[in-house]
file final.cif (mmCIF, C-alpha atoms)
data_final
loop_
_atom_site.label_atom_id
_atom_site.label_comp_id
_atom_site.auth_asym_id
_atom_site.auth_seq_id
_atom_site.Cartn_x
_atom_site.Cartn_y
_atom_site.Cartn_z
CA GLY A 1 6.13 12.16 15.28
CA ALA A 2 5.36 8.61 14.26
CA VAL A 3 8.25 6.22 14.73
CA VAL A 4 8.75 2.69 13.47
CA SER A 5 11.45 0.76 15.27
CA GLN A 6 13.04 -1.96 13.16
CA HIS A 7 15.28 -4.69 14.57
CA PRO A 8 17.83 -5.97 14.08
CA SER A 9 19.78 -3.32 12.19
CA TRP A 10 22.01 -5.96 10.74
CA VAL A 11 22.22 -9.72 10.95
CA ILE A 12 24.53 -12.41 9.64
CA CYS A 13 23.17 -15.92 9.45
CA LYS A 14 24.20 -19.25 8.07
CA SER A 15 22.66 -20.61 4.93
CA GLY A 16 19.61 -22.72 5.69
CA THR A 17 18.62 -20.94 8.87
CA SER A 18 15.70 -18.56 9.39
CA VAL A 19 15.85 -14.93 10.35
CA LYS A 20 13.10 -12.79 11.85
CA ILE A 21 12.92 -9.03 11.37
CA GLU A 22 10.61 -6.98 13.56
CA CYS A 23 8.99 -3.64 12.98
CA ARG A 24 7.21 -1.95 15.87
CA SER A 25 5.18 1.22 15.70
CA LEU A 26 6.05 3.07 18.89
CA ASP A 27 3.44 5.77 19.23
CA PHE A 28 0.74 4.93 16.76
CA GLN A 29 -1.23 2.00 15.45
CA ALA A 30 0.05 0.61 12.19
CA THR A 31 -2.93 -0.92 10.45
CA THR A 32 -0.97 -1.46 7.27
CA MET A 33 2.70 -2.37 6.96
CA PHE A 34 4.67 -2.58 3.75
CA TRP A 35 7.83 -4.66 3.39
CA TYR A 36 10.51 -3.75 0.87
CA ARG A 37 13.76 -5.30 -0.26
CA GLN A 38 16.62 -3.29 -1.65
CA PHE A 39 19.66 -4.76 -3.36
CA PRO A 40 22.85 -2.67 -3.44
CA LYS A 41 22.56 0.42 -5.62
CA GLN A 42 19.02 -0.47 -6.59
CA SER A 43 15.58 0.80 -5.75
CA LEU A 44 13.17 -0.37 -3.08
CA MET A 45 11.09 -3.24 -4.37
CA LEU A 46 7.80 -3.90 -2.62
CA MET A 47 7.58 -7.46 -1.37
CA ALA A 48 4.25 -7.51 0.39
CA THR A 49 1.55 -5.54 2.11
CA SER A 50 0.23 -6.70 5.44
CA ASN A 51 -2.87 -5.61 7.26
CA GLU A 52 -3.36 -6.27 10.93
CA GLY A 53 -5.19 -9.49 11.52
CA SER A 54 -5.25 -10.69 7.95
CA LYS A 55 -2.98 -12.48 5.52
CA ALA A 56 -0.35 -10.51 3.72
CA THR A 57 -0.67 -9.68 0.04
CA TYR A 58 2.50 -10.58 -1.81
CA GLU A 59 3.78 -8.95 -4.97
CA GLN A 60 4.23 -11.04 -8.04
CA GLY A 61 7.37 -13.12 -7.92
CA VAL A 62 7.77 -13.02 -4.14
CA GLU A 63 7.69 -16.46 -2.51
CA LYS A 64 5.17 -16.31 0.30
CA ASP A 65 6.45 -19.53 1.84
CA LYS A 66 9.95 -18.13 2.01
CA PHE A 67 9.12 -14.68 3.26
CA LEU A 68 6.62 -15.13 6.06
CA ILE A 69 4.88 -11.98 7.20
CA ASN A 70 2.93 -11.75 10.41
CA HIS A 71 0.95 -8.71 11.48
CA ALA A 72 -0.80 -9.99 14.55
CA SER A 73 -1.13 -6.66 16.33
CA LEU A 74 -1.45 -3.00 15.47
CA THR A 75 2.04 -2.31 16.76
CA LEU A 76 4.06 -5.25 15.50
CA SER A 77 4.75 -6.74 12.10
CA THR A 78 7.41 -9.34 11.42
CA LEU A 79 9.15 -10.68 8.36
CA THR A 80 10.75 -14.10 8.61
CA VAL A 81 13.16 -15.20 5.93
CA THR A 82 12.98 -18.97 6.04
CA SER A 83 15.80 -21.24 4.92
CA ALA A 84 17.87 -18.25 3.97
CA HIS A 85 20.39 -18.50 1.15
CA PRO A 86 23.14 -16.11 0.04
CA GLU A 87 20.88 -14.70 -2.69
CA ASP A 88 18.53 -13.51 0.08
CA SER A 89 21.25 -11.17 1.33
CA SER A 90 19.77 -7.72 0.99
CA PHE A 91 18.51 -4.64 2.81
CA TYR A 92 14.99 -5.12 4.14
CA ILE A 93 12.93 -2.16 5.24
CA CYS A 94 9.40 -1.80 6.53
CA SER A 95 7.02 1.10 6.16
CA ALA A 96 3.83 1.81 8.05
CA GLY A 97 0.99 3.62 6.39
CA ALA A 98 -0.63 6.54 8.19
CA GLU A 99 -4.16 7.88 8.01
CA ASN A 100 -2.90 11.22 6.74
CA GLY A 101 -1.60 9.45 3.67
CA GLY A 102 2.02 9.44 4.71
CA TYR A 103 4.40 6.62 5.42
CA THR A 104 6.81 6.01 8.28
CA PHE A 105 9.83 3.88 7.49
CA GLY A 106 11.85 1.69 9.78
CA SER A 107 15.61 2.09 9.77
CA GLY A 108 16.15 -1.08 7.77
CA THR A 109 17.89 -4.42 8.30
CA ARG A 110 20.99 -5.53 6.43
CA LEU A 111 20.84 -9.30 6.06
CA THR A 112 23.93 -11.23 5.09
CA VAL A 113 23.61 -14.96 4.53
CA VAL A 114 26.90 -16.87 4.56
CA ALA B 1 4.90 -1.61 -16.54
CA GLN B 2 7.24 0.85 -14.92
CA LYS B 3 5.20 3.61 -13.37
CA ILE B 4 7.90 5.82 -11.95
CA THR B 5 10.85 6.81 -14.08
CA GLN B 6 14.00 8.53 -12.91
CA THR B 7 16.28 8.87 -15.90
CA GLN B 8 19.32 10.30 -14.10
CA PRO B 9 21.37 7.56 -12.42
CA GLY B 10 23.76 10.17 -11.08
CA MET B 11 23.99 13.91 -10.78
CA PHE B 12 26.74 16.30 -9.71
CA VAL B 13 26.24 19.78 -8.34
CA GLN B 14 28.49 22.43 -6.91
CA GLU B 15 27.89 23.42 -3.33
CA LYS B 16 25.43 26.32 -2.96
CA GLU B 17 24.00 25.80 -6.42
CA ALA B 18 20.55 24.48 -7.27
CA VAL B 19 19.90 21.08 -8.81
CA THR B 20 16.86 19.46 -10.39
CA LEU B 21 16.21 15.74 -10.13
CA ASP B 22 13.80 14.42 -12.73
CA CYS B 23 10.83 12.15 -12.17
CA THR B 24 8.05 11.15 -14.53
CA TYR B 25 5.15 8.90 -13.69
CA ASP B 26 2.36 7.04 -15.33
CA THR B 27 -1.07 6.39 -13.91
CA SER B 28 -4.67 6.35 -15.02
CA ASP B 29 -5.95 7.05 -11.53
CA PRO B 30 -7.01 10.71 -11.17
CA SER B 31 -6.17 10.56 -7.48
CA TYR B 32 -2.55 9.95 -6.61
CA GLY B 33 0.29 11.22 -4.50
CA LEU B 34 3.91 11.82 -5.33
CA PHE B 35 6.71 11.63 -2.78
CA TRP B 36 10.41 12.31 -2.71
CA TYR B 37 12.71 10.55 -0.28
CA LYS B 38 16.39 10.93 0.51
CA GLN B 39 18.40 7.84 1.38
CA PRO B 40 21.88 8.44 2.79
CA SER B 41 24.42 5.64 3.01
CA SER B 42 22.97 4.60 6.37
CA GLY B 43 19.90 3.33 4.53
CA GLU B 44 17.21 5.29 6.33
CA MET B 45 14.47 6.78 4.23
CA ILE B 46 14.02 10.49 4.87
CA PHE B 47 10.79 12.06 3.65
CA LEU B 48 11.37 15.31 1.79
CA ILE B 49 8.23 16.49 0.09
CA TYR B 50 4.76 15.47 -1.05
CA GLN B 51 2.50 16.55 -3.90
CA GLY B 52 -1.09 15.46 -4.25
CA SER B 53 -2.65 15.17 -7.67
CA TYR B 54 -5.32 17.71 -6.80
CA ASP B 55 -2.97 20.21 -5.22
CA GLN B 56 -3.16 23.50 -7.08
CA GLN B 57 0.22 24.77 -6.04
CA ASN B 58 3.63 23.20 -6.23
CA ALA B 59 4.80 21.85 -2.90
CA THR B 60 7.69 23.48 -1.07
CA GLU B 61 9.55 22.43 2.07
CA GLY B 62 12.47 24.63 2.98
CA ARG B 63 15.16 24.16 0.34
CA TYR B 64 13.07 21.54 -1.45
CA SER B 65 10.44 22.33 -4.01
CA LEU B 66 8.53 20.15 -6.38
CA ASN B 67 8.02 21.23 -9.97
CA PHE B 68 4.71 19.50 -10.64
CA GLN B 69 3.60 19.46 -14.26
CA LYS B 70 0.47 17.35 -14.28
CA ALA B 71 -0.15 17.35 -18.02
CA ARG B 72 3.39 16.13 -18.63
CA LYS B 73 3.18 13.72 -15.69
CA SER B 74 6.38 14.99 -14.20
CA ALA B 75 7.28 15.80 -10.62
CA ASN B 76 10.83 17.05 -10.53
CA LEU B 77 12.55 17.82 -7.25
CA VAL B 78 14.46 21.06 -7.00
CA ILE B 79 17.05 21.44 -4.28
CA SER B 80 18.21 25.00 -3.81
CA ALA B 81 21.50 26.07 -2.26
CA SER B 82 22.96 22.55 -2.23
CA GLN B 83 24.91 21.47 0.81
CA LEU B 84 27.52 18.75 1.19
CA GLY B 85 25.06 16.87 3.37
CA ASP B 86 22.68 16.62 0.44
CA SER B 87 24.88 13.95 -1.12
CA ALA B 88 22.71 10.84 -1.08
CA MET B 89 20.36 8.71 -3.12
CA TYR B 90 17.05 10.33 -3.99
CA PHE B 91 13.90 8.39 -4.78
CA CYS B 92 10.68 9.53 -6.37
CA ALA B 93 7.65 7.46 -5.38
CA MET B 94 3.97 7.32 -6.20
CA ARG B 95 0.87 6.18 -4.42
CA GLU B 96 -2.17 5.56 -6.59
CA GLY B 97 -5.54 6.39 -5.13
CA PHE B 98 -6.05 7.81 -1.72
CA SER B 99 -7.00 5.60 1.17
CA GLY B 100 -4.90 7.16 3.84
CA GLY B 101 -1.56 5.41 3.94
CA TYR B 102 -3.05 2.11 3.00
CA ASN B 103 -2.11 2.12 -0.65
CA LYS B 104 1.32 0.86 -1.62
CA LEU B 105 4.12 3.19 -2.51
CA ILE B 106 6.05 2.40 -5.68
CA PHE B 107 9.57 3.75 -6.13
CA GLY B 108 11.60 4.90 -9.07
CA ALA B 109 15.13 3.68 -9.70
CA GLY B 110 16.66 6.59 -7.86
CA THR B 111 19.23 9.28 -8.59
CA ARG B 112 22.53 9.48 -6.77
CA LEU B 113 23.41 13.10 -6.05
CA ALA B 114 26.94 14.17 -5.30
CA VAL B 115 27.56 17.68 -4.01
CA HIS B 116 31.06 18.99 -4.61
CA PRO B 117 32.68 21.71 -2.50
#

call {"tool": "encode", "arguments": {"input": "final.cif", "output": "structure tokens"}}
result
Amino acid sequence: GAVVSQHPSWVICKSGTSVKIECRSLDFQATTMFWYRQFPKQSLMLMATSNEGSKATYEQGVEKDKFLINHASLTLSTLTVTSAHPEDSSFYICSAGAENGGYTFGSGTRLTVV
Amino acid sequence: AQKITQTQPGMFVQEKEAVTLDCTYDTSDPSYGLFWYKQPSSGEMIFLIYQGSYDQQNATEGRYSLNFQKARKSANLVISASQLGDSAMYFCAMREGFSGGYNKLIFGAGTRLAVHP
């Protein structure tokens, strides 16, 4: 079945640095990728929707300059957290949309900013 | 406006018994899809079951079934014969419209299920 590989699984970075999270679709073309953030014991909150070759659409309240999304190819989408701060510590997970109407999720990335 | 509501923050069930996790939704779009996902402590999202708004019958997948009551806008998940491995967080989600997988999926707050031996 469709697989989305998300890396890294976990990352610790210093405050002020940037972190890049990658999601690769391994055996299908991901035209649309959704990026979610999940704080402990909370739900998945949609951050943005990216379509290959075009600018991402950000949800209200999400800083587009802080959370840079690139979807330059049909198999790779990246989320870069720029100038990370402790409040950005969270679980980030991507999801690729499929033509059959389903979604394939990555395994998630636990970001800790110290 | 909150579109997916899960009113049970936590649920307990005895092993081998059935449990129902509640989900109500709100949409004005006649075409929509409802999903249930399981999230264990590892964080991965495991797809359980799907119900389309035009589906005539309630969806079933093994021990999972969806009690879809369209007029009441509810899509409750029923897990039969609970197992210890069912202990996890469960999310109800909705996609409005149908454009393949290109419409965003919105999640409810989730219900944490604990299965006791």

call {"tool": "atom_distance", "arguments": {"input": "final.cif", "atom1": "atom CA of Cys23 of chain A", "atom2": "atom CA of Val11 of chain A"}}
result
14.7 Å

call {"tool": "closest_residue", "arguments": {"input": "final.cif", "among": "A:Lys20, A:Tyr103, A:Thr109, A:Arg37", "to": "Phe47 of chain B", "atoms": "all atoms listed in the file"}}
result
A:Tyr103

call {"tool": "interface_residues", "arguments": {"input": "final.cif", "of": "chain B", "to": "chain A", "cutoff": "12 Å", "atoms": "only C-alpha atoms", "output": "number ranges by chain"}}
result
B: 2, 4-6, 9-10, 32-52, 88-112

call {"tool": "resolve_selection", "arguments": {"input": "final.cif", "expression": "the PyMOL selection byres ((chain B and resi 56) around 12)", "output": "MDAnalysis selection string"}}
result
chainID B and resid 51:55 57:59 67:70

call {"tool": "residues_around", "arguments": {"input": "final.cif", "residues": "Ser15 of chain A", "least_positions_apart": "3", "cutoff": "8 Å", "atoms": "all atoms listed in the file", "output": "list of chain:residue names"}}
result
A:Ser83, A:Ala84, A:His85, A:Pro86, A:Val113, A:Val114

call {"tool": "closest_residue", "arguments": {"input": "final.cif", "among": "A:Val4, A:Ala56, A:Ile12, A:Leu111", "to": "Asn70 of chain A", "atoms": "all atoms listed in the file"}}
result
A:Ala56

call {"tool": "atom_distance", "arguments": {"input": "final.cif", "atom1": "atom CA of Leu113 of chain B", "atom2": "atom CA of Tyr25 of chain B"}}
result
20.2 Å

call {"tool": "resolve_selection", "arguments": {"input": "final.cif", "expression": "the PyMOL selection byres ((chain B and resi 63) around 7)", "output": "mmCIF file with C-alpha atoms, in the coordinates of the input"}}
result
data_model
loop_
_atom_site.group_PDB
_atom_site.id
_atom_site.type_symbol
_atom_site.label_atom_id
_atom_site.label_comp_id
_atom_site.auth_asym_id
_atom_site.auth_seq_id
_atom_site.Cartn_x
_atom_site.Cartn_y
_atom_site.Cartn_z
ATOM 1 C CA GLU B 61 9.550 22.430 2.070
ATOM 2 C CA GLY B 62 12.470 24.630 2.980
ATOM 3 C CA TYR B 64 13.070 21.540 -1.450
ATOM 4 C CA SER B 65 10.440 22.330 -4.010
ATOM 5 C CA ILE B 79 17.050 21.440 -4.280
ATOM 6 C CA SER B 80 18.210 25.000 -3.810
#

call {"tool": "atom_distance", "arguments": {"input": "final.cif", "atom1": "atom CA of Leu79 of chain A", "atom2": "atom CA of Ile21 of chain A"}}
result
5.1 Å

call {"tool": "closest_residue", "arguments": {"input": "final.cif", "among": "A:Asp27, A:Glu87, A:Cys94, A:Leu74", "to": "Thr112 of chain A", "atoms": "all atoms listed in the file"}}
result
A:Glu87

call {"tool": "resolve_selection", "arguments": {"input": "final.cif", "expression": "the PyMOL selection byres ((chain B and resi 16) around 9)", "output": "ChimeraX atom specification"}}
result
/B:13-15,17-18,80-84,115,117

call {"tool": "closest_residue", "arguments": {"input": "final.cif", "among": "A:Ser18, A:Leu26, A:Cys13, A:Gln6", "to": "Val81 of chain A", "atoms": "only C-alpha atoms"}}
result
A:Ser18

call {"tool": "closest_residue", "arguments": {"input": "final.cif", "among": "A:Met47, A:Ala72, A:Thr17, A:Ser77", "to": "Gln60 of chain A", "atoms": "all atoms listed in the file"}}
result
A:Met47

call {"tool": "axis_aligned_box", "arguments": {"input": "final.cif", "around": "segment 41-52 of chain B", "padding_each_side": "3 Å", "output": "lines of an AutoDock Vina configuration file"}}
result
center_x = 11.7
center_y = 9.9
center_z = 1.1
size_x = 31.5
size_y = 19.2
size_z = 16.6

call {"tool": "build_atoms", "arguments": {"input": "final.cif", "residues": "segment 28-39 of chain B", "atoms": "all heavy atoms", "output": "short mmCIF file (atom, residue, chain, number, x, y, z; two decimals), in the coordinates of the input"}}
result
data_model
loop_
_atom_site.label_atom_id
_atom_site.label_comp_id
_atom_site.auth_asym_id
_atom_site.auth_seq_id
_atom_site.Cartn_x
_atom_site.Cartn_y
_atom_site.Cartn_z
N SER B 28 -3.36 6.00 -14.48
CA SER B 28 -4.67 6.35 -15.02
C SER B 28 -5.62 6.75 -13.91
O SER B 28 -6.76 7.13 -14.16
CB SER B 28 -5.25 5.17 -15.80
OG SER B 28 -5.34 4.02 -14.97
N ASP B 29 -5.14 6.67 -12.69
CA ASP B 29 -5.95 7.05 -11.53
C ASP B 29 -5.89 8.56 -11.36
O ASP B 29 -4.80 9.13 -11.29
CB ASP B 29 -5.42 6.36 -10.28
CG ASP B 29 -6.40 6.39 -9.12
OD1 ASP B 29 -7.11 7.41 -8.97
OD2 ASP B 29 -6.46 5.39 -8.38
N PRO B 30 -7.03 9.25 -11.31
CA PRO B 30 -7.01 10.71 -11.17
C PRO B 30 -6.54 11.16 -9.79
O PRO B 30 -6.14 12.31 -9.61
CB PRO B 30 -8.46 11.12 -11.43
CG PRO B 30 -9.25 9.90 -11.06
CD PRO B 30 -8.40 8.73 -11.43
N SER B 31 -6.59 10.25 -8.84
CA SER B 31 -6.17 10.56 -7.48
C SER B 31 -4.88 9.83 -7.16
O SER B 31 -4.85 8.59 -7.16
CB SER B 31 -7.26 10.15 -6.49
OG SER B 31 -6.87 10.41 -5.17
N TYR B 32 -3.83 10.58 -6.92
CA TYR B 32 -2.55 9.95 -6.61
C TYR B 32 -1.68 10.92 -5.83
O TYR B 32 -1.98 12.12 -5.73
CB TYR B 32 -1.82 9.50 -7.89
CG TYR B 32 -1.62 10.58 -8.92
CD1 TYR B 32 -0.50 11.40 -8.90
CD2 TYR B 32 -2.58 10.78 -9.92
CE1 TYR B 32 -0.34 12.40 -9.84
CE2 TYR B 32 -2.41 11.78 -10.87
CZ TYR B 32 -1.29 12.58 -10.83
OH TYR B 32 -1.13 13.57 -11.77
N GLY B 33 -0.64 10.40 -5.26
CA GLY B 33 0.29 11.22 -4.50
C GLY B 33 1.72 10.94 -4.92
O GLY B 33 2.06 9.80 -5.24
N LEU B 34 2.52 11.95 -4.92
CA LEU B 34 3.91 11.82 -5.33
C LEU B 34 4.81 12.23 -4.16
O LEU B 34 4.57 13.24 -3.49
CB LEU B 34 4.19 12.70 -6.55
CG LEU B 34 3.38 12.30 -7.78
CD1 LEU B 34 3.30 13.44 -8.77
CD2 LEU B 34 3.98 11.06 -8.44
N PHE B 35 5.81 11.44 -3.91
CA PHE B 35 6.71 11.63 -2.78
C PHE B 35 8.16 11.65 -3.26
O PHE B 35 8.51 10.99 -4.24
CB PHE B 35 6.58 10.47 -1.78
CG PHE B 35 5.22 10.28 -1.18
CD1 PHE B 35 4.18 9.75 -1.92
CD2 PHE B 35 4.98 10.61 0.14
CE1 PHE B 35 2.91 9.56 -1.36
CE2 PHE B 35 3.73 10.42 0.72
CZ PHE B 35 2.70 9.90 -0.03
N TRP B 36 8.96 12.38 -2.52
CA TRP B 36 10.41 12.31 -2.71
C TRP B 36 11.04 11.94 -1.37
O TRP B 36 10.67 12.50 -0.32
CB TRP B 36 10.98 13.65 -3.19
CG TRP B 36 10.89 13.84 -4.68
CD1 TRP B 36 9.89 14.46 -5.37
CD2 TRP B 36 11.86 13.42 -5.64
NE1 TRP B 36 10.18 14.45 -6.72
CE2 TRP B 36 11.38 13.83 -6.91
CE3 TRP B 36 13.09 12.76 -5.56
CZ2 TRP B 36 12.08 13.58 -8.10
CZ3 TRP B 36 13.79 12.51 -6.74
CH2 TRP B 36 13.28 12.93 -7.98
N TYR B 37 11.98 11.00 -1.46
CA TYR B 37 12.71 10.55 -0.28
C TYR B 37 14.20 10.67 -0.55
O TYR B 37 14.68 10.48 -1.67
CB TYR B 37 12.39 9.10 0.06
CG TYR B 37 11.02 8.88 0.63
CD1 TYR B 37 9.93 8.66 -0.19
CD2 TYR B 37 10.81 8.90 2.01
CE1 TYR B 37 8.66 8.46 0.33
CE2 TYR B 37 9.54 8.70 2.55
CZ TYR B 37 8.48 8.48 1.70
OH TYR B 37 7.22 8.28 2.23
N LYS B 38 14.93 10.91 0.54
CA LYS B 38 16.39 10.93 0.51
C LYS B 38 16.88 9.71 1.27
O LYS B 38 16.38 9.41 2.36
CB LYS B 38 16.90 12.21 1.16
CG LYS B 38 18.40 12.28 1.39
CD LYS B 38 18.74 13.58 2.15
CE LYS B 38 20.22 13.66 2.45
NZ LYS B 38 20.54 14.91 3.21
N GLN B 39 17.83 9.00 0.70
CA GLN B 39 18.40 7.84 1.38
C GLN B 39 19.92 8.00 1.46
O GLN B 39 20.63 7.77 0.49
CB GLN B 39 18.05 6.53 0.66
CG GLN B 39 18.49 5.30 1.45
CD GLN B 39 18.17 3.98 0.76
OE1 GLN B 39 18.35 3.85 -0.45
NE2 GLN B 39 17.67 3.01 1.51
#
